[in-house]
$ cat coords.txt   # compact mmCIF, C-alpha atoms and all ligand atoms
# COMPACT_ATOMS: atom_id res chain seq x y z
CA GLN A 1 -17.16 -17.41 -11.32
CA GLN A 2 -14.07 -15.31 -12.02
CA THR A 3 -11.30 -14.79 -9.47
CA ILE A 4 -8.20 -12.60 -9.71
CA GLN A 5 -4.91 -14.16 -8.68
CA LEU A 6 -1.44 -12.71 -8.36
CA GLY A 7 0.20 -14.17 -11.47
CA ARG A 8 3.74 -13.07 -10.65
CA ARG A 9 5.46 -10.51 -8.43
CA PRO A 10 5.38 -7.10 -10.15
CA LYS A 11 8.72 -5.51 -10.96
CA GLY A 12 8.31 -1.76 -10.59
CA THR A 13 4.91 -0.42 -11.56
CA PRO A 14 2.41 -3.31 -11.75
CA THR A 15 0.86 -4.17 -15.11
CA TYR A 16 -2.08 -6.24 -16.25
CA GLU A 17 0.26 -9.16 -16.96
CA ASP A 18 1.05 -9.53 -13.24
CA PHE A 19 -2.51 -10.79 -12.60
CA ASN A 20 -4.53 -13.77 -13.81
CA PHE A 21 -8.27 -14.11 -14.14
CA VAL A 22 -9.03 -17.69 -13.12
CA GLU A 23 -12.36 -19.53 -13.27
CA ALA A 24 -13.28 -21.19 -9.93
CA PRO A 25 -16.33 -22.91 -8.43
CA ILE A 26 -18.61 -20.80 -6.23
CA GLY A 27 -18.94 -23.39 -3.45
CA SER A 28 -21.68 -23.72 -0.86
CA PRO A 29 -21.69 -22.81 2.83
CA ASP A 30 -21.17 -25.48 5.51
CA LYS A 31 -22.49 -25.08 9.05
CA GLY A 32 -21.38 -21.70 10.43
CA GLU A 33 -20.63 -20.32 6.97
CA VAL A 34 -22.30 -17.94 4.53
CA LEU A 35 -22.20 -17.52 0.77
CA VAL A 36 -21.82 -13.85 -0.13
CA ARG A 37 -21.98 -11.97 -3.43
CA THR A 38 -19.34 -9.26 -3.89
CA VAL A 39 -20.82 -5.76 -4.14
CA TYR A 40 -17.85 -3.35 -3.76
CA ILE A 41 -14.12 -4.09 -3.77
CA SER A 42 -11.71 -1.64 -2.14
CA VAL A 43 -8.51 -1.06 -4.13
CA ASP A 44 -5.73 0.37 -1.98
CA PRO A 45 -2.10 1.45 -2.40
CA TYR A 46 -0.92 -0.85 0.44
CA LEU A 47 -1.84 -3.88 -1.66
CA ARG A 48 1.19 -3.10 -3.84
CA GLY A 49 3.43 -3.85 -0.86
CA ARG A 50 1.71 -7.18 -0.33
CA MET A 51 2.66 -8.17 -3.87
CA ASN A 52 6.36 -8.07 -2.93
CA GLU A 53 8.16 -10.82 -1.11
CA GLY A 54 9.40 -10.13 2.39
CA LYS A 55 8.41 -9.28 5.91
CA SER A 56 5.98 -6.46 6.56
CA TYR A 57 3.18 -5.67 8.98
CA ILE A 58 0.93 -7.92 6.91
CA PRO A 59 1.99 -11.13 5.10
CA PRO A 60 2.68 -10.97 1.35
CA PHE A 61 0.32 -12.51 -1.22
CA GLU A 62 1.68 -15.74 -2.63
CA VAL A 63 1.93 -16.14 -6.40
CA GLY A 64 -1.23 -18.01 -7.43
CA GLU A 65 -3.18 -16.70 -4.44
CA VAL A 66 -6.44 -14.79 -4.96
CA ILE A 67 -5.83 -11.11 -4.10
CA SER A 68 -7.87 -9.94 -1.12
CA SER A 69 -8.85 -6.59 0.33
CA ALA A 70 -11.77 -5.01 2.13
CA VAL A 71 -14.99 -5.99 0.38
CA ILE A 72 -18.66 -5.15 0.86
CA ALA A 73 -20.83 -8.14 0.04
CA GLN A 74 -24.41 -9.32 0.35
CA VAL A 75 -25.43 -12.63 1.89
CA GLU A 76 -26.92 -14.94 -0.74
CA LYS A 77 -27.21 -18.07 1.38
CA SER A 78 -26.72 -18.44 5.13
CA ASN A 79 -25.87 -21.52 7.10
CA SER A 80 -25.28 -19.43 10.22
CA ASP A 81 -27.71 -18.07 12.79
CA ARG A 82 -25.77 -14.78 12.79
CA PHE A 83 -26.74 -13.79 9.23
CA SER A 84 -29.82 -13.84 7.02
CA GLU A 85 -30.13 -13.71 3.29
CA GLY A 86 -29.85 -10.09 2.12
CA ASP A 87 -27.63 -8.87 4.97
CA VAL A 88 -24.90 -6.52 3.81
CA VAL A 89 -21.49 -7.33 5.29
CA ILE A 90 -17.86 -6.22 5.23
CA GLY A 91 -14.76 -8.35 5.48
CA SER A 92 -11.35 -9.03 4.06
CA LEU A 93 -12.42 -11.12 1.09
CA GLY A 94 -10.98 -12.32 -2.19
CA TRP A 95 -11.15 -10.52 -5.52
CA GLN A 96 -13.88 -12.80 -6.82
CA GLU A 97 -17.57 -12.52 -7.56
CA TYR A 98 -18.71 -14.81 -4.71
CA SER A 99 -17.11 -16.05 -1.50
CA VAL A 100 -17.93 -18.71 1.05
CA VAL A 101 -16.75 -17.47 4.44
CA LYS A 102 -16.99 -18.37 8.11
CA ASP A 103 -19.54 -16.23 9.92
CA ASN A 104 -16.84 -14.64 12.09
CA GLU A 105 -14.92 -13.40 9.05
CA VAL A 106 -17.51 -10.77 8.13
CA ARG A 107 -19.64 -8.28 10.05
CA LYS A 108 -22.87 -6.52 9.19
CA VAL A 109 -22.93 -2.91 8.04
CA ASP A 110 -26.00 -0.71 8.12
CA HIS A 111 -26.38 0.41 4.52
CA HIS A 112 -29.51 2.38 5.42
CA GLN A 113 -27.50 4.64 7.71
CA ALA A 114 -24.86 5.36 5.06
CA PRO A 115 -24.24 4.10 1.52
CA ALA A 116 -22.52 0.70 1.72
CA SER A 117 -19.38 1.94 -0.05
CA ALA A 118 -18.81 4.53 2.70
CA TYR A 119 -17.79 1.66 4.99
CA LEU A 120 -14.77 1.20 2.71
CA SER A 121 -13.86 4.86 2.85
CA VAL A 122 -14.89 7.64 5.19
CA LEU A 123 -16.51 5.30 7.74
CA GLY A 124 -13.96 2.55 7.16
CA MET A 125 -10.24 1.97 6.95
CA THR A 126 -9.19 5.16 5.18
CA GLY A 127 -11.35 7.43 7.36
CA LEU A 128 -9.98 5.78 10.51
CA THR A 129 -6.44 6.15 9.21
CA ALA A 130 -6.99 9.87 8.76
CA TYR A 131 -8.69 10.22 12.15
CA PHE A 132 -6.10 8.44 14.28
CA GLY A 133 -3.00 9.49 12.34
CA LEU A 134 -3.96 13.15 12.44
CA LEU A 135 -5.44 13.37 15.93
CA ASP A 136 -3.24 10.92 17.80
CA ILE A 137 0.11 11.78 16.21
CA GLY A 138 -0.45 15.09 14.39
CA LYS A 139 -2.42 16.69 17.24
CA PRO A 140 -3.34 19.86 15.30
CA LYS A 141 -4.16 22.93 17.38
CA GLU A 142 -6.25 25.92 16.47
CA GLY A 143 -4.39 28.33 14.20
CA GLU A 144 -1.60 25.88 13.35
CA THR A 145 -0.62 25.08 9.77
CA VAL A 146 -1.31 21.52 8.65
CA VAL A 147 0.08 20.31 5.33
CA VAL A 148 -1.24 17.08 3.81
CA SER A 149 0.07 15.30 0.72
CA GLY A 150 -2.06 12.95 -1.35
CA ALA A 151 -4.63 15.49 -0.27
CA ALA A 152 -7.41 14.61 -2.72
CA GLY A 153 -7.21 10.89 -2.00
CA ALA A 154 -9.24 8.79 0.39
CA VAL A 155 -7.08 9.40 3.47
CA GLY A 156 -5.82 12.90 2.60
CA SER A 157 -9.24 14.40 1.93
CA VAL A 158 -10.46 13.34 5.35
CA VAL A 159 -7.25 14.50 7.07
CA GLY A 160 -7.69 17.99 5.64
CA GLN A 161 -11.32 18.23 6.68
CA ILE A 162 -10.65 17.05 10.24
CA ALA A 163 -7.77 19.52 10.51
CA LYS A 164 -10.18 22.29 9.44
CA LEU A 165 -12.67 21.11 12.08
CA LYS A 166 -9.89 21.49 14.65
CA GLY A 167 -9.34 25.10 13.56
CA ALA A 168 -6.09 24.62 11.67
CA ARG A 169 -5.00 26.32 8.46
CA VAL A 170 -4.86 23.53 5.89
CA VAL A 171 -2.62 23.25 2.84
CA GLY A 172 -3.22 20.34 0.45
CA ILE A 173 -0.79 18.94 -2.11
CA ALA A 174 -2.24 16.96 -5.03
CA GLY A 175 -1.52 16.02 -8.63
CA SER A 176 -3.96 17.94 -10.82
CA ASP A 177 -5.75 21.27 -11.07
CA GLU A 178 -9.12 19.48 -10.87
CA LYS A 179 -8.01 18.02 -7.55
CA THR A 180 -6.69 21.29 -6.14
CA SER A 181 -9.95 23.04 -7.15
CA TYR A 182 -11.93 20.30 -5.42
CA LEU A 183 -9.86 20.76 -2.26
CA LYS A 184 -10.41 24.51 -2.20
CA ASP A 185 -13.95 24.82 -3.51
CA THR A 186 -15.62 21.74 -2.05
CA LEU A 187 -13.55 20.88 1.02
CA GLY A 188 -12.56 24.41 2.06
CA PHE A 189 -8.78 23.95 2.16
CA ASP A 190 -7.00 27.27 2.70
CA ALA A 191 -4.31 26.75 0.07
CA THR A 192 -3.33 24.04 -2.40
CA ILE A 193 -0.33 23.03 -4.49
CA ASN A 194 -0.26 21.02 -7.70
CA TYR A 195 3.02 19.15 -7.22
CA LYS A 196 3.15 18.17 -10.89
CA THR A 197 3.13 21.71 -12.27
CA GLU A 198 4.49 23.91 -9.45
CA ASP A 199 7.92 24.28 -7.85
CA ILE A 200 6.97 22.48 -4.64
CA ALA A 201 9.57 24.11 -2.35
CA GLN A 202 8.67 27.63 -3.43
CA ALA A 203 4.93 26.95 -3.49
CA LEU A 204 5.09 25.51 0.03
CA LYS A 205 6.99 28.55 1.26
CA ASP A 206 4.33 30.83 -0.24
CA ALA A 207 1.47 28.71 1.13
CA CYS A 208 2.95 28.42 4.63
CA PRO A 209 4.18 31.90 5.67
CA ASP A 210 4.09 30.85 9.34
CA GLY A 211 5.88 27.54 8.76
CA ILE A 212 4.49 24.01 9.14
CA ASP A 213 3.26 22.53 12.42
CA VAL A 214 1.86 19.23 11.15
CA TYR A 215 2.80 17.37 7.98
CA PHE A 216 0.58 14.37 7.25
CA GLU A 217 2.75 12.28 4.93
CA ASN A 218 1.00 10.15 2.33
CA VAL A 219 3.40 10.20 -0.60
CA GLY A 220 7.08 10.65 0.42
CA GLY A 221 9.67 11.41 -2.27
CA GLU A 222 10.25 14.97 -3.40
CA VAL A 223 6.95 16.20 -2.01
CA GLY A 224 7.88 15.04 1.49
CA ASP A 225 11.45 16.35 1.15
CA ALA A 226 10.22 19.90 0.53
CA VAL A 227 8.50 20.05 3.93
CA PHE A 228 11.47 19.64 6.27
CA PRO A 229 13.11 23.06 5.85
CA LEU A 230 9.79 24.70 6.80
CA LEU A 231 9.07 22.80 10.01
CA ASN A 232 8.28 24.85 13.09
CA ASN A 233 9.52 23.94 16.55
CA PHE A 234 7.80 20.85 17.92
CA ALA A 235 6.20 19.99 14.56
CA ARG A 236 4.54 16.57 14.21
CA ILE A 237 4.82 14.34 11.15
CA PRO A 238 2.49 11.33 11.05
CA VAL A 239 4.01 9.08 8.37
CA CYS A 240 1.04 7.30 6.89
CA GLY A 241 2.25 6.34 3.43
CA ALA A 242 4.91 6.85 0.80
CA ILE A 243 3.14 5.93 -2.42
CA SER A 244 5.75 7.65 -4.60
CA SER A 245 8.20 4.89 -3.67
CA TYR A 246 5.95 1.80 -3.75
CA ASN A 247 6.96 0.93 -7.31
CA ASN A 248 10.65 1.77 -6.94
CA THR A 249 13.08 -0.98 -7.79
CA GLU A 250 15.95 0.81 -5.98
CA PRO A 251 15.86 2.29 -2.46
CA ASP A 252 14.49 5.83 -2.39
CA LEU A 253 17.24 8.34 -1.59
CA GLY A 254 16.72 11.96 -0.64
CA PRO A 255 18.11 14.72 1.55
CA ARG A 256 18.99 13.72 5.11
CA VAL A 257 16.28 14.97 7.44
CA GLN A 258 17.74 14.33 10.87
CA GLY A 259 19.16 17.85 11.16
CA TYR A 260 15.77 19.42 10.56
CA LEU A 261 14.14 17.18 13.14
CA ILE A 262 16.81 17.96 15.74
CA LYS A 263 16.80 21.72 15.12
CA THR A 264 13.04 21.90 15.55
CA SER A 265 12.53 19.10 18.11
CA SER A 266 9.99 17.66 15.69
CA LEU A 267 8.35 14.27 16.01
CA MET A 268 8.15 11.98 12.98
CA GLN A 269 6.18 8.81 13.61
CA GLY A 270 5.12 6.02 11.28
CA PHE A 271 1.91 4.15 12.00
CA THR A 272 -0.58 1.70 10.61
CA VAL A 273 -4.27 2.06 11.28
CA GLY A 274 -4.25 -1.42 12.82
CA ASN A 275 -2.40 0.07 15.81
CA TYR A 276 -5.70 1.68 16.76
CA SER A 277 -8.00 -1.35 16.41
CA SER A 278 -9.06 -1.14 20.06
CA ARG A 279 -10.34 2.41 19.38
CA PHE A 280 -12.07 1.85 16.00
CA LYS A 281 -15.50 2.30 17.59
CA GLU A 282 -14.56 5.77 18.85
CA GLY A 283 -13.18 6.77 15.45
CA ALA A 284 -16.12 5.38 13.48
CA GLU A 285 -18.60 7.17 15.76
CA ALA A 286 -16.80 10.49 15.42
CA LEU A 287 -16.61 10.19 11.64
CA ALA A 288 -20.28 9.14 11.37
CA GLY A 289 -21.24 12.06 13.60
CA TRP A 290 -19.41 14.64 11.46
CA LEU A 291 -20.85 13.05 8.34
CA SER A 292 -24.44 13.26 9.59
CA GLU A 293 -23.92 16.86 10.76
CA GLY A 294 -22.66 17.76 7.27
CA LYS A 295 -19.22 18.70 8.63
CA LEU A 296 -17.49 16.03 6.58
CA THR A 297 -18.00 15.17 2.93
CA TYR A 298 -16.41 12.49 0.82
CA GLU A 299 -15.86 11.57 -2.77
CA GLU A 300 -15.59 8.17 -4.41
CA THR A 301 -14.19 7.12 -7.75
CA ILE A 302 -16.25 4.10 -8.67
CA THR A 303 -15.05 1.76 -11.40
CA GLU A 304 -17.91 -0.35 -12.74
CA GLY A 305 -17.52 -4.09 -13.25
CA PHE A 306 -15.43 -6.89 -11.77
CA ASP A 307 -13.51 -7.14 -15.06
CA HIS A 308 -12.09 -3.67 -14.38
CA THR A 309 -10.78 -4.35 -10.87
CA ILE A 310 -7.17 -4.41 -12.01
CA ASP A 311 -7.62 -1.14 -13.94
CA ALA A 312 -8.94 0.50 -10.78
CA PHE A 313 -5.92 -0.74 -8.82
CA LEU A 314 -3.39 0.39 -11.44
CA ASP A 315 -5.14 3.78 -11.67
CA LEU A 316 -4.13 4.55 -8.05
CA PHE A 317 -0.55 4.96 -9.21
CA LYS A 318 -1.62 7.26 -12.04
CA GLY A 319 -3.63 9.50 -9.73
CA ALA A 320 -6.86 8.77 -11.60
CA ASN A 321 -8.94 8.72 -8.41
CA THR A 322 -10.36 11.54 -6.35
CA GLY A 323 -11.42 10.32 -2.93
CA LYS A 324 -11.76 6.58 -2.37
CA ALA A 325 -11.21 4.21 -5.27
CA VAL A 326 -13.69 1.33 -5.27
CA VAL A 327 -14.94 -1.20 -7.79
CA LYS A 328 -18.65 -1.83 -8.09
CA VAL A 329 -19.22 -5.49 -8.86
CA SER A 330 -22.96 -5.94 -8.28
CA GLU A 331 -26.05 -4.16 -6.95
CA ILE A 332 -27.36 -4.45 -3.42
P1 LIG B 401 -5.43 7.60 -2.44
O1 LIG B 401 -6.91 7.65 -2.55
O2 LIG B 401 -4.71 8.81 -1.95
O3 LIG B 401 -4.88 7.19 -3.87
C1 LIG B 401 -3.55 7.25 -4.21
C2 LIG B 401 -3.16 8.67 -4.70
O4 LIG B 401 -1.76 8.81 -4.54
C3 LIG B 401 -3.39 8.91 -6.18
O5 LIG B 401 -4.69 9.32 -6.48
C4 LIG B 401 -2.35 9.97 -6.51
O6 LIG B 401 -2.91 11.28 -6.36
C5 LIG B 401 -1.28 9.78 -5.44
N1 LIG B 401 -0.04 9.31 -6.06
C6 LIG B 401 0.12 8.22 -6.84
N2 LIG B 401 1.41 8.11 -7.23
C7 LIG B 401 2.06 9.17 -6.68
C8 LIG B 401 3.42 9.62 -6.73
N3 LIG B 401 4.36 8.97 -7.40
N4 LIG B 401 3.73 10.75 -6.04
C9 LIG B 401 2.80 11.43 -5.35
N5 LIG B 401 1.50 11.05 -5.28
C10 LIG B 401 1.14 9.93 -5.94
O7 LIG B 401 -5.00 6.38 -1.54
P2 LIG B 401 -5.30 6.21 0.03
O8 LIG B 401 -5.93 7.45 0.54
O9 LIG B 401 -5.94 4.93 0.23
O10 LIG B 401 -3.82 6.13 0.62
C11 LIG B 401 -3.01 7.29 0.74
C12 LIG B 401 -1.69 6.90 1.39
O11 LIG B 401 -1.92 6.43 2.71
C13 LIG B 401 -0.94 5.79 0.67
O12 LIG B 401 0.43 6.04 0.73
C14 LIG B 401 -1.29 4.56 1.47
O13 LIG B 401 -0.35 3.54 1.35
C15 LIG B 401 -1.36 5.14 2.86
N6 LIG B 401 -2.21 4.40 3.79
C16 LIG B 401 -1.66 4.06 4.99
C17 LIG B 401 -2.40 3.44 5.95
C18 LIG B 401 -1.77 3.14 7.25
O14 LIG B 401 -2.39 2.42 8.06
N7 LIG B 401 -0.58 3.65 7.52
C19 LIG B 401 -3.81 3.07 5.70
C20 LIG B 401 -4.33 3.55 4.44
C21 LIG B 401 -3.53 4.18 3.52
P3 LIG B 401 -2.26 12.56 -7.10
O15 LIG B 401 -3.12 12.82 -8.29
O16 LIG B 401 -2.34 13.61 -6.06
O17 LIG B 401 -0.86 12.20 -7.49

$ encode --input "coords.txt" --output "structure tokens"
Amino acid sequence: QQTIQLGRRPKGTPTYEDFNFVEAPIGSPDKGEVLVRTVYISVDPYLRGRMNEGKSYIPPFEVGEVISSAVIAQVEKSNSDRFSEGDVVIGSLGWQEYSVVKDNEVRKVDHHQAPASAYLSVLGMTGLTAYFGLLDIGKPKEGETVVVSGAAGAVGSVVGQIAKLKGARVVGIAGSDEKTSYLKDTLGFDATINYKTEDIAQALKDACPDGIDVYFENVGGEVGDAVFPLLNNFARIPVCGAISSYNNTEPDLGPRVQGYLIKTSSLMQGFTVGNYSSRFKEGAEALAGWLSEGKLTYEETITEGFDHTIDAFLDLFKGANTGKAVVKVSEI
């Protein structure tokens, strides 16, 4: 089988040459283990950080290590009484076509209740990130203005929809007219901004006549900078991501924001979804409930074929995806 290893640490924007396809044996499960076939691989912006050296909230990949991320897989052979052949599972698994894993490293998902890939997106990590970041830190109230960047992505699209469910006025910032149309026409955002073609500061002013109460930060950089002058008193800024800086080789410099935060008594708080692991059940139930009631919809950009896994990852930094980016490796 093929596996994908980190070939070297990327400098700046990653390229194909930073990864190696390496042939490896499939292996067979010992007692308490299962052999699973990869079905969907989640490609995520945070993986870029793991390709750098240095301390973070999650250890870096080593050069020569198989890249890993959230994966949906199907049990091919079980040597565990917890799983049977055919079970569909999720876990943090390698970028490879098959894996042998301990039975406590994966858990079953019900792919009859929702499509299996949804457990990587709206019912999984990105949906939970949106849910907890927005509700626990952003705390949107009825009638408030919520701005979200990276709005057409996996996290951003769910943030905007939950903010609408809470009665807020929602403004989404994204990188193409197709994406802004999707936000307005399909997801019901109140206003949108294409940050690549519009003057962001002016467009934000026009879109937020009553100021900004919640800014859900996914991208950082100039998009994030434009928000601070428009903050209302006691605004909340959940800092979820800063994808515009992930490939920088120099520290990202911008206007100083402390003055804006002081003047408005605003709260800016970084978080990782892992902070909320003890409440995942609550979040997953709420998201599944909204989904089944038709109050939440989601989009996926599915890249077909294991051989294209790296393309799907690199595409995140080009904005090629709408909704969650996943790779389909095999059929269930
Ligand atoms: P997305 O589905 O949003 O995909 C990434 C998107 O980012 C692209 O489609 C692109 O959209 C946008 N983008 C890429 N480069 C830039 C740039 N230079 N400037 C502005 N936008 C850019 O990914 P996710 O929803 O999975 O993640 C969104 C953010 O949330 C990321 O920053 C990620 O790291 C973070 N995150 C944080 C978590 C946490 O626990 N704190 C958990 C999960 C995600 P466009 O066309 O609009 O440019």

$ residues_near_ligand --input "coords.txt" --ligand "ligand LIG 401 (chain B)" --cutoff "7 Å" --atoms "all atoms listed in the file" --output "JSON, numbers by chain"
{"A": [44, 45, 46, 125, 126, 129, 150, 151, 152, 153, 154, 155, 156, 173, 174, 175, 176, 218, 219, 240, 241, 242, 243, 244, 245, 271, 272, 273, 274, 316, 317, 318, 319, 320, 321, 322, 323, 324, 325]}

$ closest_residue --input "coords.txt" --among "A:Arg236, A:Val66, A:Arg279, A:Thr297" --to "A:Tyr182" --atoms "all atoms listed in the file"
A:Thr297

$ atom_distance --input "coords.txt" --atom1 "atom CA of A:Tyr131" --atom2 "atom CA of A:Gly172"
16.4 Å

$ atom_distance --input "coords.txt" --atom1 "atom CA of A:Ala163" --atom2 "atom CA of A:Val326"
24.8 Å

$ atom_distance --input "coords.txt" --atom1 "atom CA of A:Pro229" --atom2 "atom CA of A:Asp185"
28.7 Å

$ closest_atom_pairs --input "coords.txt" --of "stretch 58-136 of chain A" --to "stretch 285-289 of chain A" --cutoff "12 Å" --atoms "only C-alpha atoms" --output "JSON lines"
{"residue": "A:Asp110", "atom": "CA", "partner": "A:Ala288", "partner_atom": "CA", "distance": 11.8}
{"residue": "A:Gln113", "atom": "CA", "partner": "A:Ala288", "partner_atom": "CA", "distance": 9.3}
{"residue": "A:Ala114", "atom": "CA", "partner": "A:Ala288", "partner_atom": "CA", "distance": 8.7}
{"residue": "A:Pro115", "atom": "CA", "partner": "A:Ala288", "partner_atom": "CA", "distance": 11.8}
{"residue": "A:Ala118", "atom": "CA", "partner": "A:Ala288", "partner_atom": "CA", "distance": 9.9}
{"residue": "A:Tyr119", "atom": "CA", "partner": "A:Ala288", "partner_atom": "CA", "distance": 10.1}
{"residue": "A:Ser121", "atom": "CA", "partner": "A:Leu287", "partner_atom": "CA", "distance": 10.6}
{"residue": "A:Val122", "atom": "CA", "partner": "A:Leu287", "partner_atom": "CA", "distance": 7.1}
{"residue": "A:Leu123", "atom": "CA", "partner": "A:Leu287", "partner_atom": "CA", "distance": 6.3}
{"residue": "A:Gly124", "atom": "CA", "partner": "A:Leu287", "partner_atom": "CA", "distance": 9.2}
{"residue": "A:Met125", "atom": "CA", "partner": "A:Leu287", "partner_atom": "CA", "distance": 11.4}
{"residue": "A:Thr126", "atom": "CA", "partner": "A:Leu287", "partner_atom": "CA", "distance": 11.0}
{"residue": "A:Gly127", "atom": "CA", "partner": "A:Leu287", "partner_atom": "CA", "distance": 7.3}
{"residue": "A:Leu128", "atom": "CA", "partner": "A:Leu287", "partner_atom": "CA", "distance": 8.0}
{"residue": "A:Thr129", "atom": "CA", "partner": "A:Leu287", "partner_atom": "CA", "distance": 11.2}
{"residue": "A:Ala130", "atom": "CA", "partner": "A:Leu287", "partner_atom": "CA", "distance": 10.0}
{"residue": "A:Tyr131", "atom": "CA", "partner": "A:Leu287", "partner_atom": "CA", "distance": 7.9}
{"residue": "A:Phe132", "atom": "CA", "partner": "A:Ala286", "partner_atom": "CA", "distance": 11.0}
{"residue": "A:Leu135", "atom": "CA", "partner": "A:Ala286", "partner_atom": "CA", "distance": 11.7}

$ write_last_selection --input "coords.txt" --atoms "C-alpha atoms" --output "compact mmCIF listing (two decimals), keeping the file's coordinate frame"
# COMPACT_ATOMS: atom_id res chain seq x y z
CA ASP A 110 -26.00 -0.71 8.12
CA GLN A 113 -27.50 4.64 7.71
CA ALA A 114 -24.86 5.36 5.06
CA PRO A 115 -24.24 4.10 1.52
CA ALA A 118 -18.81 4.53 2.70
CA TYR A 119 -17.79 1.66 4.99
CA SER A 121 -13.86 4.86 2.85
CA VAL A 122 -14.89 7.64 5.19
CA LEU A 123 -16.51 5.30 7.74
CA GLY A 124 -13.96 2.55 7.16
CA MET A 125 -10.24 1.97 6.95
CA THR A 126 -9.19 5.16 5.18
CA GLY A 127 -11.35 7.43 7.36
CA LEU A 128 -9.98 5.78 10.51
CA THR A 129 -6.44 6.15 9.21
CA ALA A 130 -6.99 9.87 8.76
CA TYR A 131 -8.69 10.22 12.15
CA PHE A 132 -6.10 8.44 14.28
CA LEU A 135 -5.44 13.37 15.93

$ closest_residue --input "coords.txt" --among "A:Ala191, A:Val239, A:Val257, A:His111" --to "A:Ala226" --atoms "only C-alpha atoms"
A:Val257
